[in-house]
Amino acid sequence: MISVRTAKGYDLPIQGAPLEVVDKPAPPPTVAVLPEHIPFIRPRLAVKEGDQVAVGDVLFTDKSNPRLQFLSPGGGQVARIQFGPRRVLQAVVIQRDAADEPVRSLAAPLEPEALDRLPRADLVDLLLRGGVWPFLRAFPYRAIADPDVEPPAIYVSLDAREPFQVPPARYLENQREVFTFGLRVLKRLCPVVHVHADADDQAFCEAYKDIITHKVQGRYPTDDSGVLLYRVRQSPDDNQAWFITGQDLLLVARMLQSGQYPTERLFAVAGSGVANPRYVASRMGAPIAHLAGEIQCKAPRFAVGGTLRGFSGDPEGHMGFYETALMVLPEPEAADFLTLFRPGFGKPSHSRTFLSALRRNPLPMTTNVNGGHRACIACGYCAEVCPVDIWPQMTYKSILAEEVEEYLAHGLLDCVECGLCTYVCPSKIELAATLRAAKHAYRKEQG
Amino acid sequence: MKAMRNLFDALRPRFEEGGAYHRLYPFYESIETIFFGPIERSRGLPHVRDSLDVKRFMALVIVALIPHLCFGIFNAGYQSRLASGLSTGFLPVVWSGAWLVLPMVIVTYVVGFAWEILFAVVRKHEISEGLFVSCMLFPLTLPPGTPLWQVALGISFGIVIGKEVFGGTGRNFLNPALTGRAFLYFAYPVSLSGDQVWTVLSGARETVVDTFTAATPLSVSVSTPASQTVEETLTGVGYSGAKLIGGLYPGSVGGTSTLLCVAGALFLILLGIASYRIILGGVLGVLCTGYFLNLVAGPDSAPFLSLNPFYHLIMGGSAFGIVYMTTDPVSATHMKHVKWVYGFMCGMLTVLIRVFNPAFPEGVGLAILFMNLFNPLLDHIEMQWRMRRRISNV
């Protein structure tokens with residue numbers, strides 16, 4: 001096991017951590033897939049409203065690569081196909097047939113010993129047909145991995161640092177065999193597989209020391225595979241590596257073992273907006289309201305995927321394809337009076353300008369931007385937190401000046417989209433969103 | 001609080017889109033956010049934001065400067081009454097000082113704020129709080145009793161030419177307060193240099209009383225006779241080391257007290273607002289250069305070369321400049337390691353200008369402005385170094 005230490009990054013002192021209980025509510029009445037939040041695909045629908053579907057039936061494919069199939073996480077009727085502005089396909093909602101949910105068999109169950117005899121191309125094909133291939137994603141754009149290439153390495157992140165995710169010890173409980181099988185599958189795709197875990201979770205690292213290859217020490221987002229890649233890469237070719245999260249790897253393994261499309265997910269439901277923060281065992285694409293339970297704030301914000309990187313979920317909506325965390329945050333209500341002159345014991349900040357710096361205890365946070373928009377004053381906080389040593393203020397300025405070579409040389413494509421630069425910015429500049437948009441624009445230009 | 005909230009709520013529609021004073025929205029916004037924290041929902045990535053904003057960032061610099069202002073008022077009044085042979089009781093001193101200093105501060109703020117509103121309205125952006133710091137710094141660098149029209153002209157030049165013509169806060173490469181100060185220095189040398197400008201005589205007196213030294217420590221140092229050391233000369237006219245550290249001597253309004261500068265530096269470094277790299281670099285630059293001059297000083301060279309390097313830190317405005325002027329984040333270097341170089345060079349140039357250029361007894365302001373010009377180059381060098389160390393990802 002190799003130890004890697006990262007000095008930068010930041011752990012948000014935010015309230016609302018989930019309690020160590022796993023709630024298993026009755027399966028949700030509807031489930032959905034949200035194509036809008038699957039990166040870079042151009043969906044072509046294979047169903048229409050009212051169609052009967054089984055678990056594992058194709059809902060839509062990708063126009064750019066029709067081999068990428070997205071399967072139904074529920075059996076029943078296609079209740080709603082939701083389009084957004086400019087006809088963006090937002091959601092395909094399935095009304096489940098609760099009594100007798102049809103399930104399609106996609107392949108014969110794969111025996112562990114049969115895996116080694118299976119040619120790589122057939123394995124890729126099986127994963128594509130099983131609808132689990134999209135869980136494999138490729139750096140630097142975090143797009144779905146290209147089935148026709150062999151990557152230099154695959155990183156498996158046992159993700160848990162962003163507030164708040166399901167810790168690996170929780171979702172790997174009684175799943176060790178499945179997970180080990182999943183790792184063998186990855187080794188067939190690419191001989192170099194790195195499994196990295198958070199060094200702070202010592203008990204977990206000890207228990208799984210035979211499968212963990214890198215122990216990562218540091219603050220959020222050191223759990224991101226992109227940060228580890230930045231630390232351990234040897235040559236520019238390594239930048240094309242793939243990654244997958246631990247929970248997604250479990251789904252890949254289960255699909256091969258059962259021959260059916262796996263639909264179980266363990267969600268972290270947290271934040272000061274929920275009455276009962278906890279872990280919830282439910283279905284992929286479960287409704288947000290079903291998971292959240294009782295809400296204890298007037299205007300809740302549903303951050304689907306996490307406090308920093310998640311997208312804003314619709315209260316009537318569903319969880320996405322990849323997201324396993326639901327963070328409920330209160331929207332700001334009334335302005336604080338004379339907050340400028342207060343010592344700020346209760347004001348969370350990365351800087352030392354509030355007395356909360358003396359005790360780093362969890363504090364309540366709202367979705368307030370907490371300040372007016374100003375020009376960059378070059379305070380340098382963004383560079384202090386950037387885990388991959390980008391100088392975000394400089395890169396931001398070169399993006400605005402459209403100096404493509406310059407911002408690429410700054411390391412734009414190493415950006416792991418953690419959102420910390422925007423979080424710490426006192427001028428409230430949307431640094432992370434600007435960097436991400438520049439990355440996406442560059443990908444589009446590359447074709 | 002309730003009444004205040006209601007007042008702002010009633011006024012807000014007039015300044016918003018479609019209101020009669022919509023063009024003055026930046027002004028309204030800057031006043032409202034002094035009393036009520038702004039409310040705006042984040043758009044995600046990330047959903048929560050740090051509690052720190054530019055307003056608090058800059059307000060804390062002003063907090064650090066308030067002791068300088070108070071001491072400056074006292075010192076101006078004290079020197080004035082001492083030179084005029086009047087009583088130096090606490091209240092009369094503060095009264096005289098306030099009459100000398102506060103009008104300068106008020107004129108600076110009114111004129112500076114007017115320019116900033118004008119540019120904010122024309123450019124349609126909010127008012128950046130850096131202005132409040134510039135307007136606090138500017139009068140503190142002037143001699144007490146500077147004619148108010150010159151104060152107004154100086155801050156206008158500093159804000160408009162030093163900052164706004166380059167695109168406003170964040171795009172200026174010169175420190176606006178120092179730009180204004182330098183403008184006044186060269187445009188009106190009579191009212192801003194020489195021995196007579198640092199003390200204002202009150203009443204009908206034409207000359208200072210005999211026991212009073214009007215010359216600043218720096219001009220005393222420069223004119224030290226070859227037979228004496230600078231320390232002896234300074235002590236001879238009443239400027240002991242302790243007095244120089246305390247700051248009760250004629251000089252610019254806010255820059256005389258080294259003790260307050262040290263306190264301010266600790267405050268700003270502890271809060272992470274000022275860069276300790278720049279400040280320590282500046283102190284090292286002064287000390288190393290002073291020491292180097294000691295080494296090269298021969299028996300025939302000017303006594304100023306043999307001065308104990310620490311005296312360069314406690315005399316004149318060098319401490320004030322290093323703590324408050326070099327650390328303006330916009331005009332300082334933006335990259336991490338070259339901050340040491342920038343600070344060091346500021347300190348070095350300060351001493352060199354003082355010792356070798358008899359036309360400028362004080363060199364810190366010009367040294368900082370000169371180094372401001374080099375900061376884009378220093379940043380470029382560090383950025384190139386960083387980019388070369390990366391494994392490329394294109």
# chains A, B, ... in the order shown; residues from 1 in each chain; ligands from 1
>>> interface_residues(of="chain B", to="chain A", cutoff="7 Å", atoms="only C-alpha atoms", output="PDB file with C-alpha atoms, in the first residue's frame")
ATOM      1  CA  ILE B  34     -22.856  47.632   5.450  1.00  0.00           C
ATOM      2  CA  PHE B  35     -25.949  46.999   7.564  1.00  0.00           C
ATOM      3  CA  PHE B  36     -27.456  43.839   6.126  1.00  0.00           C
ATOM      4  CA  GLY B  37     -25.546  40.910   4.704  1.00  0.00           C
ATOM      5  CA  PRO B  38     -26.592  40.337   1.108  1.00  0.00           C
ATOM      6  CA  ILE B  39     -28.884  37.472   0.144  1.00  0.00           C
ATOM      7  CA  GLU B  40     -28.344  35.630  -3.069  1.00  0.00           C
ATOM      8  CA  ARG B  41     -28.929  31.962  -3.735  1.00  0.00           C
ATOM      9  CA  SER B  42     -25.922  30.101  -5.075  1.00  0.00           C
ATOM     10  CA  GLY B  44     -24.344  25.181  -7.274  1.00  0.00           C
ATOM     11  CA  LEU B  45     -20.774  24.015  -7.766  1.00  0.00           C
ATOM     12  CA  PRO B  46     -20.706  24.478  -4.830  1.00  0.00           C
ATOM     13  CA  HIS B  47     -24.083  24.988  -3.191  1.00  0.00           C
ATOM     14  CA  VAL B  48     -22.609  26.690  -0.127  1.00  0.00           C
ATOM     15  CA  ARG B  49     -20.153  29.573   0.005  1.00  0.00           C
ATOM     16  CA  ASP B  50     -17.639  30.882   2.478  1.00  0.00           C
ATOM     17  CA  SER B  51     -18.852  33.550   4.904  1.00  0.00           C
ATOM     18  CA  LEU B  52     -15.994  35.875   3.985  1.00  0.00           C
ATOM     19  CA  ASP B  53     -16.668  38.584   1.435  1.00  0.00           C
ATOM     20  CA  VAL B  54     -14.585  41.486   0.157  1.00  0.00           C
ATOM     21  CA  ARG B  56     -15.249  42.100   5.581  1.00  0.00           C
ATOM     22  CA  GLU B 126     -20.666  47.278  -7.756  1.00  0.00           C
ATOM     23  CA  SER B 128     -15.366  47.600  -4.546  1.00  0.00           C
ATOM     24  CA  THR B 169     -10.175  47.551  -8.674  1.00  0.00           C
ATOM     25  CA  GLY B 170      -8.508  44.267  -9.505  1.00  0.00           C
ATOM     26  CA  LEU B 271      -6.119  36.924  10.190  1.00  0.00           C
ATOM     27  CA  GLY B 272      -4.483  35.857   6.960  1.00  0.00           C
ATOM     28  CA  PRO B 329      -3.128  42.242  -2.762  1.00  0.00           C
ATOM     29  CA  VAL B 330      -3.992  43.663  -6.174  1.00  0.00           C
ATOM     30  CA  HIS B 334      -0.047  37.364  -7.041  1.00  0.00           C
ATOM     31  CA  MET B 387       4.054  25.303 -15.704  1.00  0.00           C
ATOM     32  CA  ILE B 391       3.392  16.940 -16.430  1.00  0.00           C
ATOM     33  CA  SER B 392       1.502  18.380 -19.329  1.00  0.00           C
ATOM     34  CA  ASN B 393      -2.137  17.500 -19.844  1.00  0.00           C
ATOM     35  CA  VAL B 394      -3.350  18.870 -23.145  1.00  0.00           C
TER      36      VAL B 394
END
>>> residues_around(residues="region 315-327 of chain B", least_positions_apart="5", cutoff="9 Å", atoms="only C-alpha atoms", output="ChimeraX atom specification")
/B:61,65,137,141,175,177-178,216-218,244-245,247,251-252,254-258,260-262,264-265,268,273-276,278-280,282-283,286,310,332,342-343,346-347,350-351,362-365,368-369,372
>>> write_last_selection(atoms="N, CA and C atoms", output="compact mmCIF listing (two decimals), in the first residue's frame")
# COMPACT_ATOMS: atom_id res chain seq x y z
N VAL B 61 -8.94 45.51 7.30
CA VAL B 61 -7.76 46.35 7.09
C VAL B 61 -8.01 47.73 7.71
N LEU B 65 -6.16 49.95 10.66
CA LEU B 65 -5.64 51.31 10.42
C LEU B 65 -6.19 52.33 11.41
N LEU B 137 -5.84 54.99 3.72
CA LEU B 137 -4.37 55.02 3.66
C LEU B 137 -3.85 56.37 3.19
N THR B 141 -0.64 59.07 4.81
CA THR B 141 0.71 59.24 4.27
C THR B 141 1.08 60.72 4.09
N ASN B 175 -0.43 50.85 -6.60
CA ASN B 175 -1.19 51.10 -5.38
C ASN B 175 -1.84 52.49 -5.50
N ALA B 177 -3.37 54.58 -3.47
CA ALA B 177 -3.06 55.58 -2.45
C ALA B 177 -1.66 56.13 -2.66
N LEU B 178 -0.72 55.26 -2.98
CA LEU B 178 0.65 55.72 -3.19
C LEU B 178 0.79 56.51 -4.48
N THR B 216 12.46 66.14 10.39
CA THR B 216 12.11 64.74 10.63
C THR B 216 13.39 63.95 10.83
N PRO B 217 13.28 62.79 11.47
CA PRO B 217 14.48 61.98 11.69
C PRO B 217 15.25 61.72 10.42
N LEU B 218 14.54 61.54 9.31
CA LEU B 218 15.24 61.22 8.07
C LEU B 218 16.08 62.38 7.57
N LEU B 244 11.58 56.93 18.44
CA LEU B 244 11.28 56.60 17.06
C LEU B 244 10.31 55.41 16.99
N ILE B 245 10.47 54.44 17.89
CA ILE B 245 9.57 53.29 17.88
C ILE B 245 8.17 53.73 18.29
N GLY B 247 6.84 56.80 18.10
CA GLY B 247 6.25 57.54 17.00
C GLY B 247 5.86 58.96 17.31
N GLY B 251 6.08 63.97 11.40
CA GLY B 251 6.12 63.06 10.25
C GLY B 251 4.76 63.01 9.60
N SER B 252 4.55 62.04 8.72
CA SER B 252 3.24 61.91 8.10
C SER B 252 2.22 61.51 9.16
N GLY B 254 0.00 59.09 9.69
CA GLY B 254 -0.18 57.76 10.28
C GLY B 254 1.07 56.92 10.33
N GLY B 255 2.15 57.39 9.74
CA GLY B 255 3.27 56.50 9.51
C GLY B 255 4.38 56.52 10.54
N THR B 256 4.23 57.30 11.62
CA THR B 256 5.39 57.48 12.49
C THR B 256 5.59 56.36 13.50
N SER B 257 4.52 55.73 13.94
CA SER B 257 4.67 54.79 15.06
C SER B 257 4.99 53.38 14.57
N THR B 258 6.23 52.94 14.83
CA THR B 258 6.61 51.58 14.46
C THR B 258 5.87 50.56 15.30
N LEU B 260 2.81 50.64 16.45
CA LEU B 260 1.49 50.36 15.89
C LEU B 260 1.59 49.55 14.61
N CYS B 261 2.64 49.81 13.82
CA CYS B 261 2.81 49.04 12.59
C CYS B 261 3.04 47.57 12.90
N VAL B 262 3.83 47.31 13.94
CA VAL B 262 4.09 45.91 14.31
C VAL B 262 2.78 45.27 14.75
N GLY B 264 -0.24 46.15 13.91
CA GLY B 264 -1.09 45.99 12.73
C GLY B 264 -0.65 44.82 11.88
N ALA B 265 0.67 44.66 11.74
CA ALA B 265 1.18 43.55 10.94
C ALA B 265 0.79 42.22 11.56
N LEU B 268 -2.95 41.59 10.96
CA LEU B 268 -3.29 41.23 9.58
C LEU B 268 -2.73 39.86 9.19
N ILE B 273 -4.88 38.14 6.18
CA ILE B 273 -5.26 39.14 5.17
C ILE B 273 -4.03 39.69 4.48
N ALA B 274 -3.00 40.03 5.28
CA ALA B 274 -1.76 40.50 4.66
C ALA B 274 -0.82 39.30 4.51
N SER B 275 -0.02 39.33 3.46
CA SER B 275 0.89 38.23 3.22
C SER B 275 2.12 38.37 4.11
N TYR B 276 2.36 37.37 4.95
CA TYR B 276 3.55 37.46 5.81
C TYR B 276 4.82 37.38 4.97
N ILE B 278 5.40 38.92 2.14
CA ILE B 278 5.78 40.26 1.69
C ILE B 278 6.35 41.05 2.86
N ILE B 279 5.67 40.97 4.02
CA ILE B 279 6.10 41.79 5.15
C ILE B 279 7.49 41.36 5.63
N LEU B 280 7.66 40.06 5.82
CA LEU B 280 8.97 39.58 6.27
C LEU B 280 10.03 39.85 5.21
N GLY B 282 10.07 42.31 3.17
CA GLY B 282 10.37 43.74 3.24
C GLY B 282 11.30 44.06 4.39
N VAL B 283 11.02 43.48 5.57
CA VAL B 283 11.87 43.72 6.74
C VAL B 283 13.28 43.20 6.47
N VAL B 286 15.17 45.55 4.11
CA VAL B 286 15.70 46.74 4.77
C VAL B 286 16.94 46.38 5.58
N PHE B 310 18.54 48.70 11.85
CA PHE B 310 17.22 48.74 12.47
C PHE B 310 16.62 50.15 12.45
N ALA B 332 0.30 43.93 -5.40
CA ALA B 332 1.44 43.09 -5.03
C ALA B 332 1.56 41.94 -6.03
N TYR B 342 9.46 40.32 -4.07
CA TYR B 342 8.83 41.63 -4.13
C TYR B 342 9.05 42.40 -2.82
N GLY B 343 8.78 41.75 -1.69
CA GLY B 343 8.96 42.39 -0.39
C GLY B 343 10.41 42.81 -0.19
N CYS B 346 11.39 45.78 -2.28
CA CYS B 346 10.81 47.03 -1.75
C CYS B 346 11.67 47.55 -0.61
N GLY B 347 12.04 46.66 0.30
CA GLY B 347 12.86 47.06 1.45
C GLY B 347 14.22 47.57 0.99
N THR B 350 14.02 50.97 -0.71
CA THR B 350 13.74 52.02 0.27
C THR B 350 15.03 52.55 0.85
N VAL B 351 15.89 51.64 1.30
CA VAL B 351 17.14 52.05 1.94
C VAL B 351 18.06 52.73 0.92
N GLU B 362 12.68 60.38 2.01
CA GLU B 362 11.94 59.15 2.24
C GLU B 362 11.83 58.40 0.92
N GLY B 363 12.06 57.08 0.95
CA GLY B 363 12.07 56.34 -0.30
C GLY B 363 11.06 55.24 -0.41
N VAL B 364 10.28 55.00 0.70
CA VAL B 364 9.48 53.77 0.71
C VAL B 364 8.36 53.82 -0.33
N GLY B 365 7.70 54.96 -0.45
CA GLY B 365 6.58 55.04 -1.39
C GLY B 365 7.04 54.82 -2.82
N ILE B 368 8.01 51.19 -3.49
CA ILE B 368 6.88 50.27 -3.68
C ILE B 368 6.26 50.48 -5.05
N LEU B 369 6.09 51.75 -5.45
CA LEU B 369 5.52 52.00 -6.77
C LEU B 369 6.42 51.41 -7.87
N ASN B 372 5.93 47.76 -7.91
CA ASN B 372 4.61 47.43 -8.48
C ASN B 372 4.72 47.20 -9.98
>>> residues_around(residues="Ala114 (chain B)", least_positions_apart="3", cutoff="12 Å", atoms="only C-alpha atoms", output="list in words")
Leu24, Pro26, Phe27, Val107, Thr108, Tyr109, Val110, Val111, Ile117, Leu118, Phe119, Ala120, Val121, Ile127, Leu131, Phe132, Cys135, Ala152, Ile155, Ser156, Ile159 and Val160 of chain B
>>> write_last_selection(atoms="N, CA, C and O atoms", output="PDB file, in the first residue's frame")
ATOM      1  N   LEU B  24     -27.933  54.554  -9.930  1.00  0.00           N
ATOM      2  CA  LEU B  24     -27.144  54.676  -8.701  1.00  0.00           C
ATOM      3  C   LEU B  24     -27.174  53.394  -7.866  1.00  0.00           C
ATOM      4  O   LEU B  24     -26.797  53.401  -6.706  1.00  0.00           O
ATOM      5  N   PRO B  26     -25.212  50.829  -7.621  1.00  0.00           N
ATOM      6  CA  PRO B  26     -23.978  50.466  -6.909  1.00  0.00           C
ATOM      7  C   PRO B  26     -23.846  51.201  -5.574  1.00  0.00           C
ATOM      8  O   PRO B  26     -23.386  50.627  -4.585  1.00  0.00           O
ATOM      9  N   PHE B  27     -24.261  52.453  -5.556  1.00  0.00           N
ATOM     10  CA  PHE B  27     -24.195  53.233  -4.323  1.00  0.00           C
ATOM     11  C   PHE B  27     -25.123  52.635  -3.266  1.00  0.00           C
ATOM     12  O   PHE B  27     -24.735  52.394  -2.120  1.00  0.00           O
ATOM     13  N   VAL B 107     -12.378  64.782   3.410  1.00  0.00           N
ATOM     14  CA  VAL B 107     -12.266  65.195   2.010  1.00  0.00           C
ATOM     15  C   VAL B 107     -11.856  64.007   1.143  1.00  0.00           C
ATOM     16  O   VAL B 107     -12.412  63.776   0.068  1.00  0.00           O
ATOM     17  N   THR B 108     -10.899  63.214   1.645  1.00  0.00           N
ATOM     18  CA  THR B 108     -10.461  62.045   0.871  1.00  0.00           C
ATOM     19  C   THR B 108     -11.625  61.118   0.586  1.00  0.00           C
ATOM     20  O   THR B 108     -11.828  60.665  -0.541  1.00  0.00           O
ATOM     21  N   TYR B 109     -12.401  60.818   1.641  1.00  0.00           N
ATOM     22  CA  TYR B 109     -13.506  59.867   1.460  1.00  0.00           C
ATOM     23  C   TYR B 109     -14.569  60.419   0.521  1.00  0.00           C
ATOM     24  O   TYR B 109     -15.050  59.703  -0.357  1.00  0.00           O
ATOM     25  N   VAL B 110     -14.909  61.680   0.685  1.00  0.00           N
ATOM     26  CA  VAL B 110     -15.974  62.241  -0.153  1.00  0.00           C
ATOM     27  C   VAL B 110     -15.538  62.239  -1.619  1.00  0.00           C
ATOM     28  O   VAL B 110     -16.252  61.768  -2.506  1.00  0.00           O
ATOM     29  N   VAL B 111     -14.326  62.708  -1.868  1.00  0.00           N
ATOM     30  CA  VAL B 111     -13.865  62.812  -3.263  1.00  0.00           C
ATOM     31  C   VAL B 111     -13.644  61.417  -3.847  1.00  0.00           C
ATOM     32  O   VAL B 111     -14.088  61.103  -4.954  1.00  0.00           O
ATOM     33  N   ILE B 117     -18.173  56.031  -7.364  1.00  0.00           N
ATOM     34  CA  ILE B 117     -19.576  55.899  -7.764  1.00  0.00           C
ATOM     35  C   ILE B 117     -19.714  56.218  -9.248  1.00  0.00           C
ATOM     36  O   ILE B 117     -20.371  55.495  -9.995  1.00  0.00           O
ATOM     37  N   LEU B 118     -19.030  57.282  -9.671  1.00  0.00           N
ATOM     38  CA  LEU B 118     -19.127  57.672 -11.071  1.00  0.00           C
ATOM     39  C   LEU B 118     -18.696  56.511 -11.974  1.00  0.00           C
ATOM     40  O   LEU B 118     -19.406  56.129 -12.909  1.00  0.00           O
ATOM     41  N   PHE B 119     -17.556  55.918 -11.666  1.00  0.00           N
ATOM     42  CA  PHE B 119     -17.071  54.844 -12.527  1.00  0.00           C
ATOM     43  C   PHE B 119     -17.935  53.585 -12.396  1.00  0.00           C
ATOM     44  O   PHE B 119     -18.155  52.882 -13.377  1.00  0.00           O
ATOM     45  N   ALA B 120     -18.408  53.323 -11.175  1.00  0.00           N
ATOM     46  CA  ALA B 120     -19.241  52.132 -10.995  1.00  0.00           C
ATOM     47  C   ALA B 120     -20.543  52.273 -11.774  1.00  0.00           C
ATOM     48  O   ALA B 120     -21.026  51.322 -12.390  1.00  0.00           O
ATOM     49  N   VAL B 121     -21.100  53.480 -11.780  1.00  0.00           N
ATOM     50  CA  VAL B 121     -22.363  53.698 -12.497  1.00  0.00           C
ATOM     51  C   VAL B 121     -22.146  53.570 -13.998  1.00  0.00           C
ATOM     52  O   VAL B 121     -22.895  52.900 -14.697  1.00  0.00           O
ATOM     53  N   ILE B 127     -19.556  48.732  -6.195  1.00  0.00           N
ATOM     54  CA  ILE B 127     -18.415  49.482  -5.676  1.00  0.00           C
ATOM     55  C   ILE B 127     -17.533  48.536  -4.885  1.00  0.00           C
ATOM     56  O   ILE B 127     -17.983  47.841  -3.982  1.00  0.00           O
ATOM     57  N   LEU B 131     -11.652  50.605  -2.204  1.00  0.00           N
ATOM     58  CA  LEU B 131     -11.667  52.066  -2.188  1.00  0.00           C
ATOM     59  C   LEU B 131     -11.582  52.609  -0.766  1.00  0.00           C
ATOM     60  O   LEU B 131     -10.860  53.561  -0.497  1.00  0.00           O
ATOM     61  N   PHE B 132     -12.349  51.981   0.143  1.00  0.00           N
ATOM     62  CA  PHE B 132     -12.372  52.493   1.523  1.00  0.00           C
ATOM     63  C   PHE B 132     -10.998  52.380   2.161  1.00  0.00           C
ATOM     64  O   PHE B 132     -10.613  53.208   2.983  1.00  0.00           O
ATOM     65  N   CYS B 135      -8.759  55.098   0.600  1.00  0.00           N
ATOM     66  CA  CYS B 135      -9.105  56.417   1.136  1.00  0.00           C
ATOM     67  C   CYS B 135      -8.665  56.569   2.587  1.00  0.00           C
ATOM     68  O   CYS B 135      -8.511  57.693   3.069  1.00  0.00           O
ATOM     69  N   ALA B 152      -7.711  66.654  -2.118  1.00  0.00           N
ATOM     70  CA  ALA B 152      -8.739  66.245  -3.079  1.00  0.00           C
ATOM     71  C   ALA B 152      -8.112  65.913  -4.426  1.00  0.00           C
ATOM     72  O   ALA B 152      -8.441  64.895  -5.057  1.00  0.00           O
ATOM     73  N   ILE B 155      -6.091  62.442  -4.143  1.00  0.00           N
ATOM     74  CA  ILE B 155      -6.884  61.203  -4.148  1.00  0.00           C
ATOM     75  C   ILE B 155      -7.564  61.030  -5.501  1.00  0.00           C
ATOM     76  O   ILE B 155      -7.724  59.912  -5.990  1.00  0.00           O
ATOM     77  N   SER B 156      -7.932  62.143  -6.152  1.00  0.00           N
ATOM     78  CA  SER B 156      -8.532  62.028  -7.483  1.00  0.00           C
ATOM     79  C   SER B 156      -7.542  61.384  -8.444  1.00  0.00           C
ATOM     80  O   SER B 156      -7.884  60.483  -9.201  1.00  0.00           O
ATOM     81  N   ILE B 159      -7.127  57.619  -7.522  1.00  0.00           N
ATOM     82  CA  ILE B 159      -8.242  56.751  -7.881  1.00  0.00           C
ATOM     83  C   ILE B 159      -8.394  56.669  -9.402  1.00  0.00           C
ATOM     84  O   ILE B 159      -8.562  55.587  -9.959  1.00  0.00           O
ATOM     85  N   VAL B 160      -8.319  57.818 -10.061  1.00  0.00           N
ATOM     86  CA  VAL B 160      -8.622  57.818 -11.501  1.00  0.00           C
ATOM     87  C   VAL B 160      -7.443  57.283 -12.317  1.00  0.00           C
ATOM     88  O   VAL B 160      -7.584  56.329 -13.078  1.00  0.00           O
TER      89      VAL B 160
END
>>> residues_around(residues="Asn308 (chain B)", least_positions_apart="2", cutoff="9 Å", atoms="only C-alpha atoms", output="list of chain:residue names")
B:Val230, B:Glu231, B:Leu287, B:Gly290, B:Tyr291, B:Asn294, B:Leu305, B:Ser306, B:Phe310, B:Tyr311, B:His312
>>> write_last_selection(atoms="N, CA and C atoms", output="PDB file, in the first residue's frame")
ATOM      1  N   VAL B 230      25.113  58.815  12.908  1.00  0.00           N
ATOM      2  CA  VAL B 230      23.727  59.237  12.764  1.00  0.00           C
ATOM      3  C   VAL B 230      22.975  59.059  14.084  1.00  0.00           C
ATOM      4  N   GLU B 231      23.276  57.955  14.771  1.00  0.00           N
ATOM      5  CA  GLU B 231      22.590  57.691  16.042  1.00  0.00           C
ATOM      6  C   GLU B 231      22.834  58.828  17.029  1.00  0.00           C
ATOM      7  N   LEU B 287      16.826  45.326   6.380  1.00  0.00           N
ATOM      8  CA  LEU B 287      17.933  44.985   7.286  1.00  0.00           C
ATOM      9  C   LEU B 287      19.171  44.553   6.500  1.00  0.00           C
ATOM     10  N   GLY B 290      20.713  47.556   4.742  1.00  0.00           N
ATOM     11  CA  GLY B 290      21.352  48.411   5.741  1.00  0.00           C
ATOM     12  C   GLY B 290      22.670  47.813   6.205  1.00  0.00           C
ATOM     13  N   TYR B 291      22.658  46.493   6.439  1.00  0.00           N
ATOM     14  CA  TYR B 291      23.865  45.823   6.914  1.00  0.00           C
ATOM     15  C   TYR B 291      24.952  45.838   5.838  1.00  0.00           C
ATOM     16  N   ASN B 294      26.611  49.056   5.794  1.00  0.00           N
ATOM     17  CA  ASN B 294      27.559  49.124   6.911  1.00  0.00           C
ATOM     18  C   ASN B 294      28.896  48.519   6.499  1.00  0.00           C
ATOM     19  N   LEU B 305      25.669  55.741   5.831  1.00  0.00           N
ATOM     20  CA  LEU B 305      25.937  54.367   5.433  1.00  0.00           C
ATOM     21  C   LEU B 305      26.208  53.467   6.638  1.00  0.00           C
ATOM     22  N   SER B 306      26.725  54.049   7.704  1.00  0.00           N
ATOM     23  CA  SER B 306      27.095  53.233   8.856  1.00  0.00           C
ATOM     24  C   SER B 306      25.962  53.103   9.863  1.00  0.00           C
ATOM     25  N   PHE B 310      18.535  48.703  11.847  1.00  0.00           N
ATOM     26  CA  PHE B 310      17.216  48.738  12.475  1.00  0.00           C
ATOM     27  C   PHE B 310      16.619  50.149  12.445  1.00  0.00           C
ATOM     28  N   TYR B 311      17.508  51.169  12.434  1.00  0.00           N
ATOM     29  CA  TYR B 311      16.998  52.538  12.401  1.00  0.00           C
ATOM     30  C   TYR B 311      16.211  52.812  11.125  1.00  0.00           C
ATOM     31  N   HIS B 312      16.576  52.103  10.037  1.00  0.00           N
ATOM     32  CA  HIS B 312      15.825  52.315   8.797  1.00  0.00           C
ATOM     33  C   HIS B 312      14.377  51.850   8.935  1.00  0.00           C
TER      34      HIS B 312
END
>>> closest_residue(among="B:Gly97, B:Gly85, B:Gly154, B:Gly281", to="Gly180 (chain B)", atoms="only C-alpha atoms")
B:Gly154
>>> atom_distance(atom1="CA of Ala215 (chain B)", atom2="CA of Leu259 (chain B)")
21.1 Å
>>> residues_around(residues="Val105 (chain B)", least_positions_apart="5", cutoff="12 Å", atoms="only C-alpha atoms", output="PyMOL selection string")
chain B and resi 66+69-70+72-73+98-100+110-113+132-142+144-146+148+151-152+155+253-254
>>> select_by_dssp(residues="region 63-211 of chain A", states="strand (DSSP E)", output="PyMOL selection string")
chain A and resi 69-71+76-83+89-96+137-138+143-144+154-157+193-198
>>> atom_distance(atom1="CA of Leu234 (chain B)", atom2="CA of Pro67 (chain B)")
26.2 Å
